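Containing PDB, C-alpha atoms: model-v9.pdb.
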MODEL        1
ATOM      1  CA  MET A 219     -20.319  11.354   6.976
ATOM      2  CA  GLU A 220     -19.301  11.472  10.632
ATOM      3  CA  PHE A 221     -18.030   7.892  10.435
ATOM      4  CA  TRP A 222     -15.645   8.757   7.590
ATOM      5  CA  SER A 223     -14.410  11.841   9.424
ATOM      6  CA  GLN A 224     -13.583   9.565  12.354
ATOM      7  CA  VAL A 225     -11.807   7.140  10.041
ATOM      8  CA  LEU A 226      -9.640   9.843   8.452
ATOM      9  CA  ASP A 227      -8.887  11.521  11.781
ATOM     10  CA  LEU A 228      -7.873   8.206  13.356
ATOM     11  CA  ALA A 229      -5.566   7.309  10.466
ATOM     12  CA  ARG A 230      -4.030  10.778  10.253
ATOM     13  CA  THR A 231      -3.394  11.327  13.959
ATOM     14  CA  THR A 232      -2.113   7.794  14.531
ATOM     15  CA  ALA A 233       0.240   7.807  11.534
ATOM     16  CA  THR A 234       1.571  11.260  12.466
ATOM     17  CA  ARG A 235       2.238  10.251  16.069
ATOM     18  CA  VAL A 236       3.822   6.924  15.163
ATOM     19  CA  GLY A 237       5.816   8.530  12.355
ATOM     20  CA  ALA A 238       7.351  11.072  14.732
ATOM     21  CA  GLN A 239       8.803   8.285  16.879
ATOM     22  CA  LEU A 240       9.950   6.277  13.873
ATOM     23  CA  LEU A 241      11.885   9.311  12.634
ATOM     24  CA  LEU A 242      13.841   9.232  15.899
ATOM     25  CA  ASP A 243      14.646   5.536  15.312
ATOM     26  CA  PHE A 244      15.413   5.991  11.607
ATOM     27  CA  GLY A 245      18.794   4.550  10.630
ATOM     28  CA  ARG A 246      19.597   3.626  14.234
ATOM     29  CA  VAL A 247      18.058   0.168  14.586
ATOM     30  CA  GLN A 248      19.079  -3.269  13.408
ATOM     31  CA  GLY A 249      16.771  -5.563  11.475
ATOM     32  CA  LEU A 250      16.245  -9.291  11.906
ATOM     33  CA  GLU A 251      15.450 -11.470   8.906
ATOM     34  CA  LYS A 252      12.031 -13.122   8.911
ATOM     35  CA  ALA A 253      11.155 -16.451   7.305
ATOM     36  CA  ASP A 254      10.143 -14.758   4.054
ATOM     37  CA  GLY A 255      13.488 -12.938   3.804
ATOM     38  CA  SER A 256      12.140  -9.503   4.733
ATOM     39  CA  LEU A 257      13.410  -7.540   7.722
ATOM     40  CA  VAL A 258      11.667  -6.664  10.963
ATOM     41  CA  THR A 259      12.865  -4.311  13.694
ATOM     42  CA  GLN A 260      11.751  -3.350  17.168
ATOM     43  CA  SER A 261      10.405  -0.195  15.545
ATOM     44  CA  ASP A 262       8.065  -2.229  13.293
ATOM     45  CA  GLU A 263       6.777  -4.138  16.287
ATOM     46  CA  TRP A 264       6.299  -1.014  18.416
ATOM     47  CA  ALA A 265       4.498   0.787  15.577
ATOM     48  CA  ASP A 266       2.257  -2.237  15.027
ATOM     49  CA  ARG A 267       1.187  -2.270  18.697
ATOM     50  CA  GLU A 268       0.533   1.470  18.697
ATOM     51  CA  ILE A 269      -1.591   1.437  15.543
ATOM     52  CA  ARG A 270      -3.610  -1.600  16.583
ATOM     53  CA  SER A 271      -4.224  -0.066  20.009
ATOM     54  CA  SER A 272      -5.396   3.223  18.478
ATOM     55  CA  ILE A 273      -7.821   1.458  16.132
ATOM     56  CA  ALA A 274      -9.212  -0.760  18.896
ATOM     57  CA  ALA A 275      -9.844   2.276  21.108
ATOM     58  CA  VAL A 276     -12.034   3.972  18.479
ATOM     59  CA  PHE A 277     -13.528   0.977  16.645
ATOM     60  CA  PRO A 278     -13.428  -1.952  19.092
ATOM     61  CA  GLU A 279     -15.831  -4.003  16.952
ATOM     62  CA  HIS A 280     -13.571  -3.904  13.869
ATOM     63  CA  ALA A 281     -11.110  -6.682  12.993
ATOM     64  CA  ILE A 282      -7.415  -5.892  12.465
ATOM     65  CA  LEU A 283      -4.906  -7.714  10.255
ATOM     66  CA  SER A 284      -1.279  -6.612  10.142
ATOM     67  CA  GLU A 285       2.099  -7.652   8.820
ATOM     68  CA  GLU A 286       3.482  -8.147  12.322
ATOM     69  CA  ASN A 287       0.463  -9.826  13.937
ATOM     70  CA  GLU A 288      -2.749 -11.433  12.665
ATOM     71  CA  HIS A 289      -2.605 -12.838   9.105
ATOM     72  CA  GLY A 290      -5.895 -14.730   8.833
ATOM     73  CA  PHE A 291      -8.775 -12.881   7.197
ATOM     74  CA  THR A 292     -12.009 -13.111   9.171
ATOM     75  CA  ASP A 293     -15.670 -12.645   8.277
ATOM     76  CA  ALA A 294     -15.886  -9.295  10.087
ATOM     77  CA  GLN A 295     -17.806  -6.628   8.174
ATOM     78  CA  TRP A 296     -15.046  -4.045   8.778
ATOM     79  CA  THR A 297     -11.345  -4.956   8.774
ATOM     80  CA  TRP A 298      -8.323  -2.698   9.135
ATOM     81  CA  ILE A 299      -5.159  -3.877   7.384
ATOM     82  CA  ILE A 300      -1.926  -2.210   8.404
ATOM     83  CA  ASP A 301       1.725  -2.214   7.490
ATOM     84  CA  PRO A 302       3.351  -0.365  10.389
ATOM     85  CA  LEU A 303       6.587   0.224   8.463
ATOM     86  CA  ASP A 304       6.652  -0.367   4.726
ATOM     87  CA  GLY A 305      10.237  -0.154   3.519
ATOM     88  CA  THR A 306      11.974  -1.593   6.575
ATOM     89  CA  THR A 307      15.195  -2.233   4.652
ATOM     90  CA  ASN A 308      15.341   1.430   3.598
ATOM     91  CA  PHE A 309      14.555   2.367   7.212
ATOM     92  CA  THR A 310      17.428   0.345   8.655
ATOM     93  CA  ARG A 311      19.931   1.508   6.001
ATOM     94  CA  GLY A 312      19.186   5.201   6.407
ATOM     95  CA  ILE A 313      17.415   5.644   3.052
ATOM     96  CA  PRO A 314      14.665   8.252   3.596
ATOM     97  CA  LEU A 315      11.779   6.510   1.865
ATOM     98  CA  TRP A 316       9.541   4.388   4.063
ATOM     99  CA  GLY A 317       6.001   4.723   5.292
ATOM    100  CA  ILE A 318       3.043   3.716   7.437
ATOM    101  CA  SER A 319       0.109   2.132   5.624
ATOM    102  CA  ILE A 320      -3.429   1.914   7.040
ATOM    103  CA  GLY A 321      -6.337   0.525   5.008
ATOM    104  CA  LEU A 322      -9.986  -0.145   5.842
ATOM    105  CA  LEU A 323     -11.972  -2.945   4.167
ATOM    106  CA  TYR A 324     -15.732  -3.441   4.041
ATOM    107  CA  ASN A 325     -16.746  -7.061   3.450
ATOM    108  CA  GLY A 326     -13.277  -7.728   2.079
ATOM    109  CA  GLU A 327     -13.046  -4.717  -0.266
ATOM    110  CA  PRO A 328     -10.720  -1.797   0.477
ATOM    111  CA  VAL A 329     -12.744   1.416   0.726
ATOM    112  CA  PHE A 330     -10.283   3.761   2.462
ATOM    113  CA  GLY A 331      -6.520   4.090   2.548
ATOM    114  CA  TYR A 332      -4.046   6.338   4.338
ATOM    115  CA  VAL A 333      -0.295   6.108   3.767
ATOM    116  CA  TYR A 334       2.205   8.463   5.437
ATOM    117  CA  PHE A 335       5.885   8.826   4.534
ATOM    118  CA  PRO A 336       7.474  10.744   7.451
ATOM    119  CA  PRO A 337      10.947  11.464   5.946
ATOM    120  CA  VAL A 338       9.463  13.275   2.943
ATOM    121  CA  ASN A 339       6.371  14.578   4.772
ATOM    122  CA  GLN A 340       3.915  13.141   2.272
ATOM    123  CA  SER A 341       0.540  11.738   3.267
ATOM    124  CA  PHE A 342      -1.781  10.073   0.767
ATOM    125  CA  HIS A 343      -5.400   9.152   1.367
ATOM    126  CA  GLY A 344      -8.383   8.159  -0.715
ATOM    127  CA  TYR A 345     -11.839   6.615  -0.772
ATOM    128  CA  TRP A 346     -13.219   4.036  -3.195
ATOM    129  CA  ALA A 347     -16.683   2.517  -2.884
ATOM    130  CA  GLY A 348     -16.082  -0.050  -5.636
ATOM    131  CA  SER A 349     -18.975  -2.508  -5.662
ATOM    132  CA  THR A 350     -19.802  -2.110  -1.960
ATOM    133  CA  GLY A 351     -22.715   0.313  -2.412
ATOM    134  CA  LEU A 352     -21.401   2.456   0.445
ATOM    135  CA  ASP A 353     -22.061   6.178   0.561
ATOM    136  CA  LEU A 354     -18.652   7.656   1.285
ATOM    137  CA  PRO A 355     -16.450  10.605   0.289
ATOM    138  CA  THR A 356     -14.660  10.485  -3.046
ATOM    139  CA  GLY A 357     -11.226  11.300  -4.392
ATOM    140  CA  ALA A 358      -7.525  10.711  -3.834
ATOM    141  CA  TYR A 359      -5.275  13.212  -2.102
ATOM    142  CA  LEU A 360      -1.621  14.013  -1.460
ATOM    143  CA  ASN A 361      -1.179  16.319   1.541
ATOM    144  CA  ASP A 362      -4.924  17.035   1.218
ATOM    145  CA  LYS A 363      -4.653  18.194  -2.399
ATOM    146  CA  PRO A 364      -6.472  16.171  -5.084
ATOM    147  CA  ILE A 365      -4.326  13.900  -7.262
ATOM    148  CA  HIS A 366      -4.920  11.993 -10.471
ATOM    149  CA  VAL A 367      -2.917   9.640 -12.645
ATOM    150  CA  SER A 368      -0.969  11.110 -15.547
ATOM    151  CA  GLN A 369      -2.668  11.283 -18.927
ATOM    152  CA  ASP A 370       0.684  11.015 -20.751
ATOM    153  CA  SER A 371       1.719   8.249 -23.126
ATOM    154  CA  PRO A 372       4.916   6.342 -22.304
ATOM    155  CA  SER A 373       8.291   7.634 -23.447
ATOM    156  CA  SER A 374      11.947   7.341 -22.477
ATOM    157  CA  ASN A 375      11.441  10.304 -20.136
ATOM    158  CA  HIS A 376       8.557   8.788 -18.179
ATOM    159  CA  PHE A 377       9.022   6.565 -15.122
ATOM    160  CA  PHE A 378       7.968   3.006 -14.375
ATOM    161  CA  SER A 379       8.790   1.323 -11.036
ATOM    162  CA  LEU A 380      10.049  -2.228 -10.599
ATOM    163  CA  CYS A 381      10.513  -4.226  -7.431
ATOM    164  CA  ALA A 382      13.650  -6.269  -6.776
ATOM    165  CA  ARG A 383      11.834  -9.491  -7.781
ATOM    166  CA  SER A 384      10.528  -8.207 -11.114
ATOM    167  CA  LEU A 385      13.760  -7.153 -12.824
ATOM    168  CA  GLN A 386      13.355  -9.847 -15.461
ATOM    169  CA  ILE A 387      10.500  -7.976 -17.128
ATOM    170  CA  TRP A 388      12.868  -5.126 -18.084
ATOM    171  CA  GLN A 389      13.878  -5.841 -21.654
ATOM    172  CA  PRO A 390      15.330  -3.827 -24.547
ATOM    173  CA  GLY A 391      12.703  -1.473 -25.854
ATOM    174  CA  PHE A 392      10.902  -1.111 -22.508
ATOM    175  CA  PRO A 393       8.846   2.067 -23.035
ATOM    176  CA  CYS A 394       9.784   3.989 -19.858
ATOM    177  CA  LYS A 395      12.725   4.840 -17.615
ATOM    178  CA  ILE A 396      13.034   2.342 -14.772
ATOM    179  CA  ARG A 397      13.066   3.289 -11.098
ATOM    180  CA  MET A 398      13.373   1.020  -8.053
ATOM    181  CA  LEU A 399      12.234   2.684  -4.829
ATOM    182  CA  GLY A 400      12.179  -0.275  -2.442
ATOM    183  CA  VAL A 401       8.727   0.534  -1.049
ATOM    184  CA  ALA A 402       5.698  -1.206  -2.535
ATOM    185  CA  THR A 403       3.207   1.418  -1.432
ATOM    186  CA  TYR A 404       5.250   4.293  -2.854
ATOM    187  CA  ASN A 405       5.728   2.460  -6.170
ATOM    188  CA  PHE A 406       1.974   2.479  -6.688
ATOM    189  CA  LEU A 407       1.186   5.830  -5.098
ATOM    190  CA  ALA A 408       3.634   7.503  -7.468
ATOM    191  CA  VAL A 409       1.299   6.349 -10.242
ATOM    192  CA  ALA A 410      -1.734   7.734  -8.391
ATOM    193  CA  ALA A 411       0.020  11.099  -8.042
ATOM    194  CA  GLY A 412       0.982  11.237 -11.728
ATOM    195  CA  ALA A 413       4.735  11.025 -11.035
ATOM    196  CA  SER A 414       5.145   7.721 -12.871
ATOM    197  CA  LEU A 415       3.093   5.873 -15.449
ATOM    198  CA  GLY A 416       3.170   2.462 -13.845
ATOM    199  CA  GLY A 417       4.646   0.040 -11.386
ATOM    200  CA  VAL A 418       4.802  -3.686 -10.745
ATOM    201  CA  GLU A 419       5.288  -5.727  -7.578
ATOM    202  CA  ALA A 420       5.965  -9.446  -7.929
ATOM    203  CA  THR A 421       5.436 -10.592  -4.331
ATOM    204  CA  PRO A 422       3.482  -7.969  -2.361
ATOM    205  CA  LYS A 423       1.318  -9.006   0.566
ATOM    206  CA  ILE A 424      -2.145  -7.789   1.403
ATOM    207  CA  TRP A 425      -0.817  -5.170   3.847
ATOM    208  CA  ASP A 426       1.255  -3.658   1.036
ATOM    209  CA  LEU A 427      -1.844  -3.220  -1.120
ATOM    210  CA  ALA A 428      -4.944  -2.669   1.015
ATOM    211  CA  ALA A 429      -4.535   1.075   1.560
ATOM    212  CA  VAL A 430      -3.162   1.911  -1.884
ATOM    213  CA  TRP A 431      -5.993   0.012  -3.628
ATOM    214  CA  ALA A 432      -8.499   2.689  -2.638
ATOM    215  CA  ILE A 433      -6.149   5.567  -3.433
ATOM    216  CA  VAL A 434      -5.033   4.264  -6.834
ATOM    217  CA  HIS A 435      -8.588   3.586  -7.964
ATOM    218  CA  ALA A 436      -9.817   6.954  -6.703
ATOM    219  CA  ALA A 437      -7.009   8.632  -8.679
ATOM    220  CA  GLY A 438      -8.089   6.916 -11.904
ATOM    221  CA  GLY A 439      -5.443   4.200 -12.041
ATOM    222  CA  THR A 440      -5.805   0.742 -13.603
ATOM    223  CA  TRP A 441      -5.035  -2.241 -11.342
ATOM    224  CA  ILE A 442      -4.210  -5.602 -12.931
ATOM    225  CA  SER A 443      -3.948  -8.733 -10.812
ATOM    226  CA  LEU A 444      -1.110 -10.986 -11.968
ATOM    227  CA  ARG A 445      -2.744 -13.942 -10.272
ATOM    228  CA  ALA A 446      -5.488 -15.994 -11.869
ATOM    229  CA  GLU A 447      -7.918 -14.499  -9.361
ATOM    230  CA  PRO A 448      -8.752 -10.904  -8.396
ATOM    231  CA  THR A 449      -6.667  -9.105  -5.774
ATOM    232  CA  PHE A 450      -9.800  -8.193  -3.810
ATOM    233  CA  PRO A 451     -12.200  -8.926  -2.189
ATOM    234  CA  ALA A 452     -10.135 -10.653   0.468
ATOM    235  CA  VAL A 453     -11.085 -14.272   1.073
ATOM    236  CA  PHE A 454     -12.521 -15.385   4.403
ATOM    237  CA  GLY A 455     -10.294 -17.923   6.162
ATOM    238  CA  ARG A 456      -7.232 -17.326   4.003
ATOM    239  CA  ASN A 457      -3.901 -16.873   5.780
ATOM    240  CA  TYR A 458      -2.309 -13.930   4.000
ATOM    241  CA  GLY A 459       1.044 -14.285   5.726
ATOM    242  CA  ASN A 460       2.536 -16.309   2.862
ATOM    243  CA  TYR A 461       0.114 -15.359   0.106
ATOM    244  CA  ALA A 462       1.557 -13.011  -2.524
ATOM    245  CA  LEU A 463      -0.655 -10.775  -4.655
ATOM    246  CA  PRO A 464       1.449  -9.805  -7.700
ATOM    247  CA  SER A 465       0.067  -6.635  -9.237
ATOM    248  CA  LEU A 466       0.571  -4.264 -12.141
ATOM    249  CA  ILE A 467      -0.599  -0.655 -11.775
ATOM    250  CA  VAL A 468      -0.712   1.710 -14.746
ATOM    251  CA  ASN A 469      -2.140   5.088 -15.623
ATOM    252  CA  HIS A 470      -4.121   3.789 -18.591
ATOM    253  CA  PRO A 471      -5.402   0.378 -19.798
ATOM    254  CA  ALA A 472      -3.472   0.797 -23.077
ATOM    255  CA  LEU A 473      -0.185   0.683 -21.164
ATOM    256  CA  ALA A 474      -1.320  -2.512 -19.451
ATOM    257  CA  ASP A 475      -1.963  -4.079 -22.865
ATOM    258  CA  LEU A 476       1.577  -3.133 -23.885
ATOM    259  CA  LEU A 477       3.232  -4.499 -20.735
ATOM    260  CA  LEU A 478       1.235  -7.625 -19.905
ATOM    261  CA  PRO A 479       3.171  -9.810 -22.397
ATOM    262  CA  LEU A 480       6.292  -9.081 -20.312
ATOM    263  CA  MET A 481       4.701 -10.239 -17.071
ATOM    264  CA  ASP A 482       4.614 -13.991 -17.640
ATOM    265  CA  SER A 483       7.656 -14.602 -15.424
ATOM    266  CA  ILE A 484       5.949 -13.158 -12.351
ATOM    267  CA  ARG A 485       2.372 -14.356 -12.875
ATOM    268  CA  LYS A 486       0.966 -16.847 -10.371
TER     269      LYS A 486
ENDMDL
END
Target format structure tokens, applied to this file:
Amino acid sequence: MEFWSQVLDLARTTATRVGAQLLLDFGRVQGLEKADGSLVTQSDEWADREIRSSIAAVFPEHAILSEENEHGFTDAQWTWIIDPLDGTTNFTRGIPLWGISIGLLYNGEPVFGYVYFPPVNQSFHGYWAGSTGLDLPTGAYLNDKPIHVSQDSPSSNHFFSLCARSLQIWQPGFPCKIRMLGVATYNFLAVAAGASLGGVEATPKIWDLAAVWAIVHAAGGTWISLRAEPTFPAVFGRNYGNYALPSLIVNHPALADLLLPLMDSIRK
């Protein structure tokens, strides 16, 4: 298991170091609007360079795909997918919920994820072999303590997270209280930690999902692709820069059955 110890140590030390600098920049930088309408700052770009450099130093043979750099998925056996600053709008506006997401894929399937939220000092990580046949550690963790999805049934006192582009699914009689956090990774990790029962993202990209895929599955969550094809494995040759992967995450398949009829407006 030495390889997996290296993987966790790399993700943890890199995210902690990068997060410390981002905390100094927090609320003090201006964002520029990208072609897809999202924001990017000098902090995103600096963090991207730092994370890619750290990965290349330890695993030079691995491919790297990131929000701020390479978007084309290659045929490399191992691929790191990173979002150096998930929640850039929150970051620029001084809202203390944003994070650093680092995922590792084996033949296109996410098998490890690490996501760190510096303002709230929460770090999530998890391992998920899926159909890869890999021998790897198991479990999902928040600050190194095991986590699992909630076993509760929905009620007006349970949470469900929407993104800004999925508001139309909220209709009278929706079974949970709605929250909008502005960070795709945190929307889904809140389900993994048992804090909410579900979440939906209408237009997430692969770097929003790669790390949380492993953690959510390891925590017992149910992942529903809202495309006609599966979210993973990633497809060789595809440019993921403009390719959305709408997803519904819930604590239990029964909740998915209840909510899927509301998802038609965001299916692709």
(message) To test your reading of the syntax: which residues would the PyMOL selection byres ((chain A and resi 241-244) around 12) return for the file shown? Reply as number ranges by chain.
(response) A: 233-240, 245-249, 259-262, 264-265, 303, 305-318, 335-339
(request) Figure out the distance between atom CA of A:Ser271 and atom CA of A:Phe291, please, to one decimal in Å. (result)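 That distance, rounded to one decimal, is 18.7 Å.
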(message) Restricting the calculation to all atoms listed in the file: of A:Thr231, A:Ser414, A:Thr403, A:Ser319, which residue gets closest to A:Asp301?
(response)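 Under the stated criterion, the closest residue is A:Ser319.
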(request) Taking the file above as input, evaluate the PyMOL selection byres ((chain A and resi 425) around 7) and report the hits as a ChimeraX atom specification. (result) /A:284-285,299-301,423-424,426-428
(message) as a PyMOL selection string, please: the residues near stretch 347-355 of chain A (cut-off 10 Å, only C-alpha atoms, same-chain neighbours under 2 positions excluded).
(response) chain A and resi 219+221-223+323-330+344-345+357-358+432+435-436+451
(request) Might you pull out every residue within 10 Å of A:Asp362, with all atoms listed in the file counted and same-chain residues fewer than 2 positions away left off, and present them as an NGL selection string? (result) :A and (340-344 or 358-360 or 364-365)
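What separates atom CA of A:Gln295 from atom CA of A:Leu322 is a distance of 10.4 Å.
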(request) Taking the file as shown, find all residues satisfying the PyMOL selection byres ((chain A and resi 413) around 9) and write them as a list in words. (result) Val367, Ser368, His376, Phe377, Leu407, Ala408, Val409, Ala410, Ala411, Gly412, Ser414 and Leu415 of chain A
(message) Here is a test: counting all atoms listed in the file, which residue of A:Gln389, A:Gly400, A:Val453, A:Ala437 is nearest to A:Pro479?
(response) A:Gln389
(message) For a test of reading the model, state the distance in Å between atom CA of A:Phe277 and atom CA of A:Ala429, rounded to one decimal.
(response) 17.6 Å
(message) My list of candidates is A:Ile387, A:Ala446, A:Ala294, A:Ala229. Which is closest to A:Ile269 when distances are computed with all atoms listed in the file?
(response)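 Nearest candidate to A:Ile269 out of A:Ile387, A:Ala446, A:Ala294, A:Ala229: A:Ala229.
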(request) Considering all atoms listed in the file, state which residue in the set A:Ile484, A:Val401, A:Val333, A:Leu283 is at the smallest distance from A:Ile433. (result)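 With all atoms listed in the file as the atom set, the closest residue is A:Val333.
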Around stretch 310-316 of chain A, with edges along x, y and z and 8 Å added on all six sides, what centre and edge lengths do you get, in Å to one decimal, as lines of an AutoDock Vina configuration file?
center_x = 14.7
center_y = 4.3
center_z = 5.3
size_x = 26.4
size_y = 23.9
size_z = 22.8
(request) Name the residues in contact with A:Ala420 at a cut-off of 8 Å, using all atoms listed in the file, excluding same-chain residues fewer than 3 positions from it; report them as a list in words. (result)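 Here the answer would be Cys381, Arg383, Ser384, Ala462, Leu463, Pro464, Ser465, Ile484 and Arg485 of chain A.
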Please produce a file of those selected residues containing C-alpha atoms, as an mmCIF file, in the coordinates of the input.
data_model
loop_
_atom_site.group_PDB
_atom_site.id
_atom_site.type_symbol
_atom_site.label_atom_id
_atom_site.label_comp_id
_atom_site.auth_asym_id
_atom_site.auth_seq_id
_atom_site.Cartn_x
_atom_site.Cartn_y
_atom_site.Cartn_z
ATOM 1 C CA CYS A 381 10.513 -4.226 -7.431
ATOM 2 C CA ARG A 383 11.834 -9.491 -7.781
ATOM 3 C CA SER A 384 10.528 -8.207 -11.114
ATOM 4 C CA ALA A 462 1.557 -13.011 -2.524
ATOM 5 C CA LEU A 463 -0.655 -10.775 -4.655
ATOM 6 C CA PRO A 464 1.449 -9.805 -7.700
ATOM 7 C CA SER A 465 0.067 -6.635 -9.237
ATOM 8 C CA ILE A 484 5.949 -13.158 -12.351
ATOM 9 C CA ARG A 485 2.372 -14.356 -12.875
#
(message) Counting all atoms listed in the file, which residue out of A:Thr292, A:Ser443, A:Asn361, A:Gln369 sits closest to A:Asn457?
(response) A:Thr292
(request) Go through A:Val225, A:Leu477, A:Ala452, A:Ile442 and flag the residue nearest A:Asp293, using only C-alpha atoms for the distances. (result)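 Nearest to A:Asp293: A:Ala452.
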